[in-house]
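So this block is coords_7.tsv, TSV, C-alpha atoms:
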chain	number	residue	atom	x	y	z
A	26	MET	CA	-9.38	-21.64	19.21
A	27	SER	CA	-10.39	-18.06	18.35
A	28	ARG	CA	-7.86	-16.69	20.88
A	29	LYS	CA	-5.13	-18.48	18.96
A	30	LEU	CA	-5.87	-16.40	15.85
A	31	PHE	CA	-5.03	-13.15	17.66
A	32	CYS	CA	-2.03	-14.24	19.68
A	33	SER	CA	1.33	-15.10	18.14
A	34	ASN	CA	2.58	-16.93	21.26
A	35	CYS	CA	-0.29	-19.40	21.56
A	36	THR	CA	0.01	-23.08	22.22
A	37	ALA	CA	-2.77	-25.62	22.19
A	38	THR	CA	-3.52	-25.03	25.88
A	39	ALA	CA	-2.31	-21.55	26.82
A	40	CYS	CA	-1.79	-18.09	25.38
A	41	ASP	CA	0.64	-15.44	26.56
A	42	THR	CA	-1.53	-12.52	27.69
A	43	ASP	CA	1.21	-9.93	27.00
A	44	GLY	CA	0.18	-9.96	23.34
A	45	ARG	CA	-3.28	-8.69	24.26
A	46	TRP	CA	-1.86	-5.27	25.15
A	47	VAL	CA	-0.43	-4.86	21.67
A	48	ILE	CA	-3.76	-5.80	20.15
A	49	LEU	CA	-5.54	-3.39	22.50
A	50	VAL	CA	-3.21	-0.51	21.59
A	51	VAL	CA	-3.57	-1.22	17.86
A	52	GLY	CA	-7.34	-1.37	18.25
A	53	ILE	CA	-7.50	1.95	20.08
A	54	ALA	CA	-5.15	3.54	17.53
A	55	GLY	CA	-7.39	2.26	14.74
A	56	ILE	CA	-10.48	3.78	16.34
A	57	VAL	CA	-8.76	7.13	16.89
A	58	LEU	CA	-7.39	7.12	13.35
A	59	GLY	CA	-10.82	6.28	11.96
A	60	ILE	CA	-12.42	9.18	13.85
A	61	VAL	CA	-9.71	11.59	12.66
A	62	VAL	CA	-10.14	10.46	9.05
A	63	MET	CA	-13.93	10.78	9.21
A	64	ARG	CA	-13.76	14.25	10.78
A	65	ASN	CA	-11.10	15.55	8.36
A	66	PRO	CA	-11.39	13.61	5.08
A	67	SER	CA	-9.90	16.35	2.87
A	68	GLU	CA	-6.85	16.81	5.04
A	69	THR	CA	-6.40	13.06	5.32
A	70	ILE	CA	-6.46	12.64	1.56
A	71	ALA	CA	-3.94	15.47	1.18
A	72	ILE	CA	-1.59	13.82	3.67
A	73	ILE	CA	-1.92	10.42	1.98
A	74	VAL	CA	-1.15	12.00	-1.40
A	75	LEU	CA	1.86	13.81	0.08
A	76	ILE	CA	3.20	10.63	1.71
A	77	ALA	CA	2.73	8.64	-1.53
A	78	ALA	CA	4.55	11.32	-3.54
A	79	ILE	CA	7.48	11.47	-1.14
A	80	PHE	CA	7.64	7.66	-1.01
A	81	TRP	CA	7.72	7.42	-4.83
A	82	ILE	CA	10.45	10.05	-5.08
A	83	ILE	CA	12.63	8.39	-2.44
A	84	THR	CA	12.19	4.83	-3.74
A	85	GLY	CA	12.71	6.03	-7.29
A	86	LEU	CA	15.95	7.78	-6.43
A	87	VAL	CA	17.13	4.76	-4.46
A	88	ASP	CA	16.48	2.52	-7.47
A	89	VAL	CA	18.29	4.91	-9.81
A	90	PHE	CA	21.36	5.11	-7.56
A	91	ARG	CA	21.26	1.37	-6.93
A	92	GLY	CA	21.14	0.66	-10.65
A	93	ILE	CA	23.94	3.10	-11.42
A	94	SER	CA	26.22	1.91	-8.62
A	95	ASP	CA	25.79	-1.87	-9.15
A	96	SER	CA	27.27	-2.63	-12.56
A	97	GLY	CA	26.66	-6.37	-12.11
A	98	MET	CA	22.95	-6.00	-11.41
A	99	GLU	CA	20.65	-8.09	-13.56
A	100	SER	CA	18.12	-5.97	-15.50
A	101	ARG	CA	20.03	-2.88	-14.43
A	102	GLY	CA	18.51	-0.72	-17.16
A	103	TRP	CA	14.97	-1.63	-16.13
A	104	VAL	CA	15.72	-0.85	-12.49
A	105	ILE	CA	17.04	2.58	-13.44
A	106	PHE	CA	14.10	3.17	-15.78
A	107	GLY	CA	11.62	2.16	-13.08
A	108	GLY	CA	13.36	4.44	-10.61
A	109	VAL	CA	13.16	7.39	-12.97
A	110	VAL	CA	9.46	6.72	-13.62
A	111	ALA	CA	8.73	6.43	-9.88
A	112	ALA	CA	10.63	9.64	-9.06
A	113	LEU	CA	8.86	11.52	-11.87
A	114	ALA	CA	5.49	10.18	-10.74
A	115	GLY	CA	6.21	11.40	-7.22
A	116	ALA	CA	7.23	14.83	-8.50
A	117	ILE	CA	4.09	15.08	-10.63
A	118	VAL	CA	1.92	14.15	-7.65
A	119	LEU	CA	3.66	16.85	-5.57
A	120	LEU	CA	3.18	19.48	-8.29
A	121	TRP	CA	-0.43	18.60	-9.18
A	122	PRO	CA	-1.98	16.69	-6.27
A	123	ALA	CA	-5.64	17.23	-7.22
A	124	ALA	CA	-5.18	16.12	-10.82
A	125	SER	CA	-3.02	13.22	-9.67
A	126	LEU	CA	-5.73	12.08	-7.29
A	127	LEU	CA	-8.27	12.16	-10.12
A	128	VAL	CA	-5.98	10.11	-12.35
A	129	LEU	CA	-5.34	7.66	-9.52
A	130	ALA	CA	-9.10	7.28	-8.99
A	131	VAL	CA	-9.61	6.54	-12.70
A	132	ILE	CA	-6.76	4.01	-12.71
A	133	ALA	CA	-8.21	2.35	-9.60
A	134	GLY	CA	-11.63	2.21	-11.25
A	135	VAL	CA	-10.21	0.60	-14.39
A	136	PHE	CA	-8.27	-1.85	-12.23
A	137	PHE	CA	-11.42	-2.83	-10.33
A	138	ILE	CA	-13.36	-3.38	-13.57
A	139	VAL	CA	-10.58	-5.46	-15.16
A	140	ASP	CA	-10.04	-7.41	-11.96
A	141	GLY	CA	-13.77	-8.06	-11.66
A	142	ILE	CA	-13.92	-9.38	-15.21
A	143	LEU	CA	-10.92	-11.62	-14.60
A	144	GLN	CA	-12.48	-12.92	-11.37
A	145	ILE	CA	-15.70	-13.79	-13.22
A	146	VAL	CA	-13.75	-15.56	-15.97
A	147	ALA	CA	-11.74	-17.46	-13.34
A	148	GLY	CA	-14.96	-18.44	-11.60
A	149	PHE	CA	-16.32	-19.96	-14.80
A	150	GLN	CA	-13.04	-21.75	-15.44
A	151	VAL	CA	-13.07	-23.29	-11.95
A	152	ARG	CA	-16.68	-24.35	-12.42
A	153	GLY	CA	-15.83	-26.02	-15.72
A	154	ALA	CA	-12.80	-27.85	-14.33
Starting from the file, lay out its structure as structure tokens.
Amino acid sequence: MSRKLFCSNCTATACDTDGRWVILVVGIAGIVLGIVVMRNPSETIAIIVLIAAIFWIITGLVDVFRGISDSGMESRGWVIFGGVVAALAGAIVLLWPAASLLVLAVIAGVFFIVDGILQIVAGFQVRGA
């Protein structure tokens, strides 16, 4: 039964062993990546920030061009607005990565607190139901 969880080609009686190689490679890659991150945390954070900034710029520009080019798009203005905000956020992160990381940490902290409160409230609501 536990083998079935890790193999996409499983049946009730047999499991294709070819899938184990993929799992093995992913596991080894995860271990190597973990060691690299632990040995170079500052560089890893810098790379993650850089990738996030580039991703936001690209997706933002794609949304802007998509909104401009598709005149029949529903909520076209919001798509363009969201694209501009994403592209600007990416540019800000590229220009001020350290400050951006601090802001991101604060936003994440606020999110965790709000989410925790909502989870507690939901727990009491489930108990009362």
Q: Using all atoms listed in the file, give me every residue within 12 Å of (9.8, 9.3, -4.0) in file coordinates, as a ChimeraX atom specification.
A: /A:74-89,107-119
Specify the axis-aligned box that encloses all atoms of region 108-114 of chain A listed in the file after padding of 6 Å on each side, stating its centre and edge lengths in Å to one decimal as JSON.
{"center_x": 9.4, "center_y": 8.0, "center_z": -11.3, "size_x": 19.9, "size_y": 19.1, "size_z": 16.6}
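Distances here use only C-alpha atoms; by that measure, the residue among A:Asn65, A:Gly52, A:Asp140, A:Arg91 closest to Ile105 (chain A) is A:Arg91.
Put simply, CA of Leu143 (chain A) is 18.3 Å away from CA of Val131 (chain A).
The two atoms in question, CA of Ile132 (chain A) and CA of Phe90 (chain A), are spaced 28.6 Å apart.
Picture a line from CA of Ala71 (chain A) to CA of Leu126 (chain A); it runs 9.3 Å.
Nearest residue to Ser125 (chain A) among A:Ile53, A:Asp95, A:Ile70, A:Leu58 is A:Ile70, counting all atoms listed in the file.
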